[in-house]
Every structure is written in C-alpha cells, then in structure tokens.
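Here's the structure we're looking at; comments come further down.
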2 protein chains.
Amino acid sequence: MSNITLKELAKKLELSVSTVSKALNDSFEISEETKVRVRAMAEKYHYRPNILAKSLKMGRSNTIGVIIPYLSNPFQSQVLEGAHQAAYENNFKLVFMQSRENSKMEQDALKTFRQQNIDGIIITPAAESHIKTLKQYNQEFPIVLVDRIDFELDTFKIGVNSEKGAYDATQHLIDMGRKEILLLCGKNIGINKDRIAGYKKALLANYIPLDPSNIIQVEYGQTREELIKNLRILLERRIKELDHSIGLLGTTDTLTVASLGILSQLNLQVPSEVAVIGFANTEMAESLNPSLSTIVQPAFEIGYLGVSKLIETIVSKNRFEMAFNTTMLESRIIERKSTKA
Amino acid sequence: MSNITLKELAKKLELSVSTVSKALNDSFEISEETKVRVRAMAEKYHYRPNILAKSLKMGRSNTIGVIIPYLSNPFQSQVLEGAHQAAYENNFKLVFMQSRENSKMEQDALKTFRQQNIDGIIITPAAESHIKTLKQYNQEFPIVLVDRIDFELDTFKIGVNSEKGAYDATQHLIDMGRKEILLLCGKNIGINKDRIAGYKKALLANYIPLDPSNIIQVEYGQTREELIKNLRILLERRIKELDHSIGLLGTTDTLTVASLGILSQLNLQVPSEVAVIGFANTEMAESLNPSLSTIVQPAFEIGYLGVSKLIETIVSKNRFEMAFNTTMLESRIIERKSTKA
DNA sequence: TTGTATGCGTTATCAG
DNA sequence: CTGATAACGCATACAA
C-alpha cells in the first residue's frame, strides 16, 4: 500500500491542500490550532512527503555525488564514509562513482551525475584527470575538490599537508638513528611531489646530503605480483650498497606493506636493520609483523569537510560570489614497532 | 544556465509537448520524419530529461538502497562495488547506508530509505538484525538479502557456501600434513556456524577426532589492541599444549592477519611450525609475510547478482507472485606461502 | 500522425 | 488565517 498524500490528508481534515502543506511546514500563516490538528493527523496516517515531488518543485534534489578513484582503497573509502556522514546529517543523499584513475571513466561519471539532478559533487580527481572538463562542469553545479587539490579550479578544496607528513616521517626515522633514508614512491603520481619535497626538506634540516639513488620509484599499473617482484629487485640492490643504518619511507600503503614482506624475504630485520614507516590508512598496520609505523591521513574528516563545504555552497544563494578557500588538514604519525628498536 | 525542457524544445520545433515526448521515447505513433527532426533538435540543445519529473510521473525513482554493516570492511566494500556495477548497467542509482552491526542503525537506515522513494534495497543484515522489521519493510518495497542469508524472508537471497569454504581450507591444511587444526572465530557471529560445520566435516572425513579446545573463540566488540592481546593469550596457551604439526584456520581477515603477527611474536615459524589460512578478501594477503593463503569469497558477484535480482523484482509487474530463490556462490582457495612449506 | 488535457505530489502566489 | 490555482517537467489516455 502506497503512502498517503497531502491531498488525501486534506480531505480527511476537511482542509485545503495548501493549508495542510503550510501547516506541516510550520508556516506563520497558519493558526497553532490547525497546525496541531494537521500534525496529529499526519502522524496518525504516517504521512511522509514525496521527496521526488518536493525536489521537482523546489528545483533541488538534496543529492550530492562523490567521485573517487577506487572504493577498495582504504583511504578513499574512509573519505566516502566521512562524506556520507556529513550528507546524512544535512539530510542529503549521496551517490558515488568510481573513476579507477581513468580520465574517461571520470568524465563518464560526471556525465552520469549531470543527468541525475545532482546538486553538486565532491571529487578526488583521477591521476590523469582533465582539468578543463572539471572547469566546465563547475559552471553547471558546484564541485568541491578533495585530497588531490593541485588543480586550478574556483572552488573549495580540502587537502592534506603531505609535505609535512613526509617531513615528520623522515625526521622520525632520523631520530631513530637512521642515516640513510630510502624513499619509496610511485612514478608520476601528483601527490608524491609534496611527499618527496617533505622528505628532502627533512634531510636538509638534518644536514644529511641528498642521495638521488635513495629515491626509489616504481611503475604504476603493474599487477601486485609484478610490483612486488620489481620492488624487491630495486630494494635489494640499493640496500646492499648501504651500511645497515637504514630507514625506509613508503608513500603508499601498498608499497609499504609490500616492502615489509620483501625485507623479511631478504632476511633483513625490521626495525633493527631497516626501520620502516609508511603512509597508510588501514587498521591492519596494527596487526602486521612487526606492527607498522604509519602516517595516517584524516580521510574521514576530508570527506566530511568536503561535503559540508559543498552543501554550504549549494544552499547559498549566489555561489558565484562565494569566497572559496583551501583547507589543509594535518596527518598524524603513529609510531609502532617497525621503527622502534 | 539551466537545462532545456520538453516544453521549450516543443516551441522551437513548433510541435506539441506530447509529440516531442513521444518522439524522444521512440513511440510508434510518431512518424520517422518527425522523430529525426526532434532528435536532432534535442541533440543540438543538449536536451536531458529531468529525472525527478520522470520519476514522479512514473512512480519509480530507479534508485536502490544498499545497507551494509561497514564500508571499511574489504569484503563488504567489494559487495558494494558489485552492487554499484549492476545498478549502473541498468541505469539505476545506488545509495548506501551503514548499520555498523547495530540493529538500531539498521532500522534507521531502513526508515531513511523509505522516505526517499527508493525502489528496493539489498541488505547484509547486521549481526543483531531484527528480522521482523525486515519482513515488515519487505511489504513496502522489495528487499534482497546478500551474504548473511539465514533469515526467513520471502525474497531472493545471495550467499556463499561458507561450509564448503571452511571444509576446503581445513582439508588443505590436512593435505599439508597438519594433524591439529585450530579454528579461530568470533563468538555469536551467525555466518560462523557454517564455517564451523565445514571445519568439523573435514575433520570427520579425515578420521581426525574433534578436540573442542581447538576451536578458539574470541569476543567481538573489543578494540583491535585488546583483541590482539587476548588472541595472543589463547593462541599461545593452546599451541604450547600441542606438538608442532599445527594448522590454523581463521574465519575472518582481522583474526587471521592478527594471528600471523602473533605467531611471529611467539617465535613460531609459519608455515613450518604453524600453517595458516584464513577467510579474507583483501589483496594485502599477497604482500604479507609470509604471503597469506586465503579463502576468497566472490564479494563482487554477490553484490552484482543481488542488485540484478532486485532490479528484476522491481521491474516485474507482480512481485508478490515471483518465484524467489536462493543462490549459493562458491568461494575459492588461494594457496600461498603461509601453508606451503 | 499529431495535439489536448490531465495528473504525479508538492510549494508558492495571491485572493478572499 | 484559509483556500483556489498555477507551476515544476514529464508521460499518457484520449480526442482530433
């Protein structure tokens, strides 16, 4: 049995539809007495407004779209959780799409959203995202940028101070007495620039000369097995060249966890021979052997703030006159056994 | 600038709204000639139908809801991915809610969805879900059950043959020469019943007497640290009692990964002293040390099938006369180093 | 083959 | 304070 409508309610109350509508919306035009009557009746018949009709009338769907590269990425799924929480608290629905780091899929997601009366979107652009397209869509509905914010777009942006995260991690390794710090990162990943910068700055601040051979870059888009194999070769080669006061900083959870396994295969003790720390947002770090020191990014907050700002924009009358800003959140370091002797 | 509407298109074409509507819907009433004209004009002005209006008119929103316990659970997020894929392919939107294994939150999610003109939902019921509520909602819109399907509900159900998964894993450990097989599981988790049953059957089939002390149950709802601490105590105690031909089967990824870390702390070699295998849907298994043998469940397929069946139900005229059925998918075993000497 | 009229369930304007 | 009416954008029964 379908839901009761305003019209049916009105008939039961012997009132007009508009009166009932206003009463339920607590309009000042309606007497307290009628409001009470109407509310009671609505309660009795479990009246629930039809969101579709309301949205059609109001020109707003209270729905926002999220575009992230991979749902299976722990960091990104936490962003989504935060986004969802903020949406929920503001009575917004949330739909999502994955871009799989693919510009074409991202465009497709954008197009899909455009067709769905979405009020706005938050996006973590794919690695090879086309900024021009984003700019164009930003004319049609508000777009908030999260995590990967190094794009020129007139909007709110929520990011993480990755440089500082990498700096802190490097400093931590140095504090643990490591002289040679290896940096593990993927090639051509935008966000890595900041992390590399932080790494370099920390070395500089500690008067440690930068040795380019210590920056180990792996190709992206390999299978996990290939990646592990290649990483192993690179790591082994470099570590053999060094004496044993080594620290290792991984810029992604995949790389870091993989390196932990590889070091073990190479019979290198962690942390005594190689201390390891990495960017990672997975709870599994606690269960690893040894438990993994991590730089944790405030993924939930990123999503939460992103959607909050987005909704702010959506409900604002003149979004083209808004003062946009960029929010940089801090990551935090969790020291576990992989860096502490 | 807003989207062009049918009415505006009609004016430009000097046709009536209904003609344009029919033409765009490829109605047989309209001449090929006009159709071509209309389509061309629609193309030119980037006409996109207003989904809200369409949904309101059609009484269907083409939106389905997903309720899962935790988005951060790799298995469940894969279910969601599959669900999303199926929805996308059928031009359905997908919104989700988390229950956090909490009956109250689940009810709340159900209520939220009811208010949102959802056409149906797929749900992995929370550990303490209230079946009566589900039954009641199932009157209002179709509900498809996924993963945890041991509920009496008149609908489609998609599950996994967990018993067989556990059986295969146990058999694998036996094949690897293990005489004492520890089973690690959480207390009061419904799905575990099947896994325990599979474990027992495998023992039976190999003429290995069941020793109840080998079934190690941990409390749920502890913090990760507590859990690891307690698990360590339980594991250590039991392993000391046994000679060293031990196999270990974990029924959740959390437990399994944790036990890997614990065994290492106890200076027990994996797999030589203890062979480990566990239910897990995370790619990280490959990167662990040693790489972890796993029983992988077809999470994506579960979600995909679930939504497919749901949409089938939604578009069917008389869903109350449908022949519902239950689909059991098979898990598969991936043998890695943690079980192979 | 095309057009007219109606309604989906709301909210908003304006008149009473 | 209340009600009649229009409109949001679309699909469709029915009329022409």
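Quick note on naming: the chains in the structure tokens go A, B, ... in the order shown, residues restart at 1 in each chain, and ligands are numbered from 1 in order of appearance.
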Please give the complete set of residues from stretch 139-278 of chain B that DSSP, run on the backbone, assigns to helix (DSSP H, G or I), formatted as a ChimeraX atom specification.
/B:139-140,162-175,192-205,212-214,224-241,253-265
With a cut-off of 7 Å and counting only C-alpha atoms (C1' of nucleotides), select all residues of chain A in contact with chain C and give the selection as JSON, numbers by chain.
{"A": [5, 50, 53, 54, 57]}
Write out, as a compact mmCIF listing (two decimals), in the first residue's frame, the residues just selected, with all heavy atoms.
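File written: result_15.txt
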# COMPACT_ATOMS: atom_id res chain seq x y z
N THR A 5 -1.00 10.92 0.69
CA THR A 5 -0.53 12.18 0.11
C THR A 5 -1.18 13.36 0.83
O THR A 5 -2.13 13.21 1.59
CB THR A 5 -0.89 12.27 -1.37
OG1 THR A 5 -2.31 12.40 -1.49
CG2 THR A 5 -0.43 11.05 -2.13
N ASN A 50 6.49 13.20 -0.34
CA ASN A 50 7.14 12.60 -1.50
C ASN A 50 8.32 13.47 -1.93
O ASN A 50 8.15 14.58 -2.41
CB ASN A 50 6.12 12.47 -2.63
CG ASN A 50 6.73 11.80 -3.84
OD1 ASN A 50 7.84 12.13 -4.24
ND2 ASN A 50 6.01 10.86 -4.41
N ALA A 53 8.49 14.76 -5.61
CA ALA A 53 7.63 15.90 -5.91
C ALA A 53 8.22 17.17 -5.30
O ALA A 53 8.28 18.22 -5.95
CB ALA A 53 6.23 15.66 -5.36
N LYS A 54 8.66 17.02 -4.08
CA LYS A 54 9.25 18.17 -3.40
C LYS A 54 10.47 18.69 -4.16
O LYS A 54 10.61 19.88 -4.40
CB LYS A 54 9.66 17.73 -1.99
CG LYS A 54 10.01 18.84 -1.05
CD LYS A 54 10.18 18.26 0.34
CE LYS A 54 10.23 19.34 1.40
NZ LYS A 54 9.93 18.79 2.73
N LYS A 57 9.57 20.40 -7.37
CA LYS A 57 9.04 21.73 -7.11
C LYS A 57 10.12 22.71 -6.69
O LYS A 57 10.18 23.85 -7.16
CB LYS A 57 7.98 21.61 -6.00
CG LYS A 57 7.30 22.90 -5.66
CD LYS A 57 6.47 23.39 -6.84
CE LYS A 57 5.92 24.78 -6.54
NZ LYS A 57 5.38 25.39 -7.76
Fewer than 4 positions away in the same chain doesn't count, so skip those; otherwise give me all residues within 10 Å of B:Gln78, counting only C-alpha atoms (C1' of nucleotides), as number ranges by chain.
A: 71-72; B: 71, 73-74, 82-84, 281-282, 297-304
Closest atom pairs, residues of chain A within 7 Å of chain B, only C-alpha atoms, as a tab-separated table:
residue	atom	partner	partner_atom	distance
A:Met1	CA	B:Glu140	CA	7.0
A:Arg48	CA	B:Gln115	CA	6.6
A:Ile51	CA	B:Gln116	CA	6.0
A:Leu52	CA	B:Leu52	CA	5.8
A:Ala53	CA	B:Leu56	CA	6.2
A:Leu56	CA	B:Leu52	CA	5.8
A:Leu71	CA	B:Ser77	CA	6.9
A:Ser72	CA	B:Ser77	CA	6.5
A:Pro74	CA	B:Ser72	CA	6.8
A:Ser77	CA	B:Ser72	CA	6.5
A:Gln78	CA	B:Ser72	CA	6.9
A:Leu94	CA	B:Val95	CA	6.1
A:Val95	CA	B:Val95	CA	5.3
A:Gln115	CA	B:Arg48	CA	6.6
A:Gln116	CA	B:Ile51	CA	6.0
A:Asn117	CA	B:Ile51	CA	6.7
A:Val257	CA	B:Ser287	CA	6.2
A:Ala258	CA	B:Ser287	CA	4.7
A:Gly261	CA	B:Asn289	CA	4.7
A:Ser264	CA	B:Asn289	CA	6.9
A:Ser287	CA	B:Ala258	CA	4.7
A:Leu288	CA	B:Gly261	CA	5.4
A:Asn289	CA	B:Gly261	CA	4.7
A:Pro290	CA	B:Gly261	CA	6.9
Pull out every residue of chain A that has at least one atom within 8 Å of chain D, counting only C-alpha atoms (C1' of nucleotides), and report them as a list of chain:residue names.
A:Ser16, A:Ser18, A:Thr19, A:Glu29, A:Ile30, A:Ser31, A:Leu56, A:Lys57, A:Met58, A:Gly59
Every residue of stretch 258-340 of chain A that DSSP places in strand (DSSP E or B), as number ranges by chain
A: 274-279, 293-296, 326-329, 332-334
Written selection (C-alpha atoms) as a short mmCIF file (atom, residue, chain, number, x, y, z; two decimals), in the first residue's frame:
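Done, and the output landed in out_37.cif:
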data_model
loop_
_atom_site.label_atom_id
_atom_site.label_comp_id
_atom_site.auth_asym_id
_atom_site.auth_seq_id
_atom_site.Cartn_x
_atom_site.Cartn_y
_atom_site.Cartn_z
CA VAL A 274 65.80 -1.42 8.35
CA ALA A 275 63.27 0.80 10.05
CA VAL A 276 60.03 1.16 8.10
CA ILE A 277 57.31 3.75 8.13
CA GLY A 278 54.66 4.48 5.56
CA PHE A 279 51.60 6.43 4.61
CA SER A 293 54.51 2.72 11.98
CA THR A 294 52.33 4.90 9.81
CA ILE A 295 51.47 8.37 8.79
CA VAL A 296 47.71 8.44 8.96
CA THR A 326 41.53 25.75 0.69
CA THR A 327 41.68 23.74 3.88
CA MET A 328 44.82 21.82 4.67
CA LEU A 329 44.49 19.14 7.30
CA ARG A 332 49.49 12.31 12.23
CA ILE A 333 52.23 9.86 12.85
CA ILE A 334 51.66 6.60 14.69
#
Quick one: residues within 10 Å of A:Thr34, only C-alpha atoms (C1' of nucleotides), excluding same-chain residues fewer than 4 positions away - as a ChimeraX atom specification?
/A:13,15,19-20,23-24,30,38-40 /D:1
Selection export as an mmCIF file, in the first residue's frame, atoms kept: all heavy atoms:
data_model
loop_
_atom_site.group_PDB
_atom_site.id
_atom_site.type_symbol
_atom_site.label_atom_id
_atom_site.label_comp_id
_atom_site.auth_asym_id
_atom_site.auth_seq_id
_atom_site.Cartn_x
_atom_site.Cartn_y
_atom_site.Cartn_z
ATOM 1 N N LEU A 13 -9.043 15.937 6.754
ATOM 2 C CA LEU A 13 -9.072 17.059 7.691
ATOM 3 C C LEU A 13 -10.119 18.090 7.296
ATOM 4 O O LEU A 13 -10.366 19.053 8.029
ATOM 5 C CB LEU A 13 -7.696 17.730 7.726
ATOM 6 C CG LEU A 13 -6.592 16.977 8.471
ATOM 7 C CD1 LEU A 13 -5.227 17.414 7.987
ATOM 8 C CD2 LEU A 13 -6.724 17.225 9.962
ATOM 9 N N LEU A 15 -9.696 20.233 4.974
ATOM 10 C CA LEU A 15 -8.943 21.468 4.772
ATOM 11 C C LEU A 15 -8.437 21.450 3.330
ATOM 12 O O LEU A 15 -8.523 20.427 2.647
ATOM 13 C CB LEU A 15 -7.735 21.510 5.709
ATOM 14 C CG LEU A 15 -8.003 21.828 7.195
ATOM 15 C CD1 LEU A 15 -6.734 21.652 8.004
ATOM 16 C CD2 LEU A 15 -8.520 23.249 7.328
ATOM 17 N N THR A 19 -3.322 24.552 2.775
ATOM 18 C CA THR A 19 -3.308 24.773 4.222
ATOM 19 C C THR A 19 -2.521 23.659 4.928
ATOM 20 O O THR A 19 -1.688 23.924 5.800
ATOM 21 C CB THR A 19 -4.735 24.795 4.783
ATOM 22 O OG1 THR A 19 -5.475 25.798 4.106
ATOM 23 C CG2 THR A 19 -4.715 25.086 6.273
ATOM 24 N N VAL A 20 -2.810 22.472 4.524
ATOM 25 C CA VAL A 20 -2.103 21.339 5.134
ATOM 26 C C VAL A 20 -0.602 21.453 4.889
ATOM 27 O O VAL A 20 0.206 21.278 5.807
ATOM 28 C CB VAL A 20 -2.638 20.004 4.568
ATOM 29 C CG1 VAL A 20 -1.861 18.843 5.158
ATOM 30 C CG2 VAL A 20 -4.111 19.854 4.877
ATOM 31 N N ALA A 23 0.798 24.105 7.054
ATOM 32 C CA ALA A 23 0.794 23.689 8.460
ATOM 33 C C ALA A 23 1.980 22.781 8.745
ATOM 34 O O ALA A 23 2.695 22.958 9.732
ATOM 35 C CB ALA A 23 -0.508 22.971 8.786
ATOM 36 N N LEU A 24 2.193 21.824 7.851
ATOM 37 C CA LEU A 24 3.281 20.877 8.075
ATOM 38 C C LEU A 24 4.643 21.557 7.955
ATOM 39 O O LEU A 24 5.621 21.118 8.547
ATOM 40 C CB LEU A 24 3.178 19.709 7.091
ATOM 41 C CG LEU A 24 2.009 18.760 7.375
ATOM 42 C CD1 LEU A 24 1.880 17.724 6.280
ATOM 43 C CD2 LEU A 24 2.199 18.079 8.722
ATOM 44 N N ILE A 30 -0.414 29.974 9.437
ATOM 45 C CA ILE A 30 -1.403 29.011 9.942
ATOM 46 C C ILE A 30 -1.548 29.095 11.465
ATOM 47 O O ILE A 30 -0.561 29.255 12.177
ATOM 48 C CB ILE A 30 -0.977 27.580 9.539
ATOM 49 C CG1 ILE A 30 -0.762 27.496 8.025
ATOM 50 C CG2 ILE A 30 -2.015 26.556 9.980
ATOM 51 C CD1 ILE A 30 -1.995 27.751 7.194
ATOM 52 N N VAL A 38 -3.430 19.179 12.176
ATOM 53 C CA VAL A 38 -2.800 18.619 10.973
ATOM 54 C C VAL A 38 -1.669 17.660 11.343
ATOM 55 O O VAL A 38 -1.590 16.547 10.830
ATOM 56 C CB VAL A 38 -2.260 19.751 10.069
ATOM 57 C CG1 VAL A 38 -1.423 19.174 8.939
ATOM 58 C CG2 VAL A 38 -3.411 20.573 9.521
ATOM 59 N N ARG A 39 -0.851 18.117 12.238
ATOM 60 C CA ARG A 39 0.273 17.266 12.631
ATOM 61 C C ARG A 39 -0.207 15.935 13.204
ATOM 62 O O ARG A 39 0.362 14.882 12.928
ATOM 63 C CB ARG A 39 1.150 18.006 13.649
ATOM 64 C CG ARG A 39 2.091 19.004 12.994
ATOM 65 C CD ARG A 39 3.215 19.398 13.944
ATOM 66 N NE ARG A 39 2.781 20.425 14.885
ATOM 67 C CZ ARG A 39 3.116 21.714 14.778
ATOM 68 N NH1 ARG A 39 3.870 22.124 13.773
ATOM 69 N NH2 ARG A 39 2.703 22.585 15.673
ATOM 70 N N ALA A 40 -1.244 16.023 14.001
ATOM 71 C CA ALA A 40 -1.778 14.800 14.602
ATOM 72 C C ALA A 40 -2.232 13.825 13.519
ATOM 73 O O ALA A 40 -1.907 12.633 13.547
ATOM 74 C CB ALA A 40 -2.931 15.143 15.530
ATOM 75 P P DC D 1 -3.338 33.671 13.423
ATOM 76 O OP1 DC D 1 -3.425 32.685 14.477
ATOM 77 O OP2 DC D 1 -2.033 34.104 12.961
ATOM 78 O "O5'" DC D 1 -4.094 33.140 12.137
ATOM 79 C "C5'" DC D 1 -5.129 32.229 12.310
ATOM 80 C "C4'" DC D 1 -5.872 32.092 11.026
ATOM 81 O "O4'" DC D 1 -5.556 33.155 10.118
ATOM 82 C "C3'" DC D 1 -5.563 30.814 10.250
ATOM 83 O "O3'" DC D 1 -6.667 29.934 10.424
ATOM 84 C "C2'" DC D 1 -5.441 31.265 8.781
ATOM 85 C "C1'" DC D 1 -5.941 32.707 8.832
ATOM 86 N N1 DC D 1 -5.313 33.611 7.827
ATOM 87 C C2 DC D 1 -5.984 33.837 6.617
ATOM 88 O O2 DC D 1 -7.061 33.277 6.399
ATOM 89 N N3 DC D 1 -5.435 34.688 5.695
ATOM 90 C C4 DC D 1 -4.271 35.290 5.977
ATOM 91 N N4 DC D 1 -3.765 36.118 5.048
ATOM 92 C C5 DC D 1 -3.579 35.067 7.197
ATOM 93 C C6 DC D 1 -4.129 34.236 8.097
#
Find the residues near A:Tyr207: any atom within 12 Å, counting only C-alpha atoms (C1' of nucleotides), skip ones fewer than 4 places away on the same chain, and give them as a ChimeraX atom specification.
/A:171,174,179,200-203
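Going from atom CA of A:Val218 to atom CA of A:Tyr199 covers 17.1 Å.
Between atom CA of B:Ala127 and atom CA of B:Glu101 there is a distance of 5.2 Å.
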So what do you get for atom CA of A:Ile131 versus atom CA of A:Leu153, distance-wise?
8.0 Å
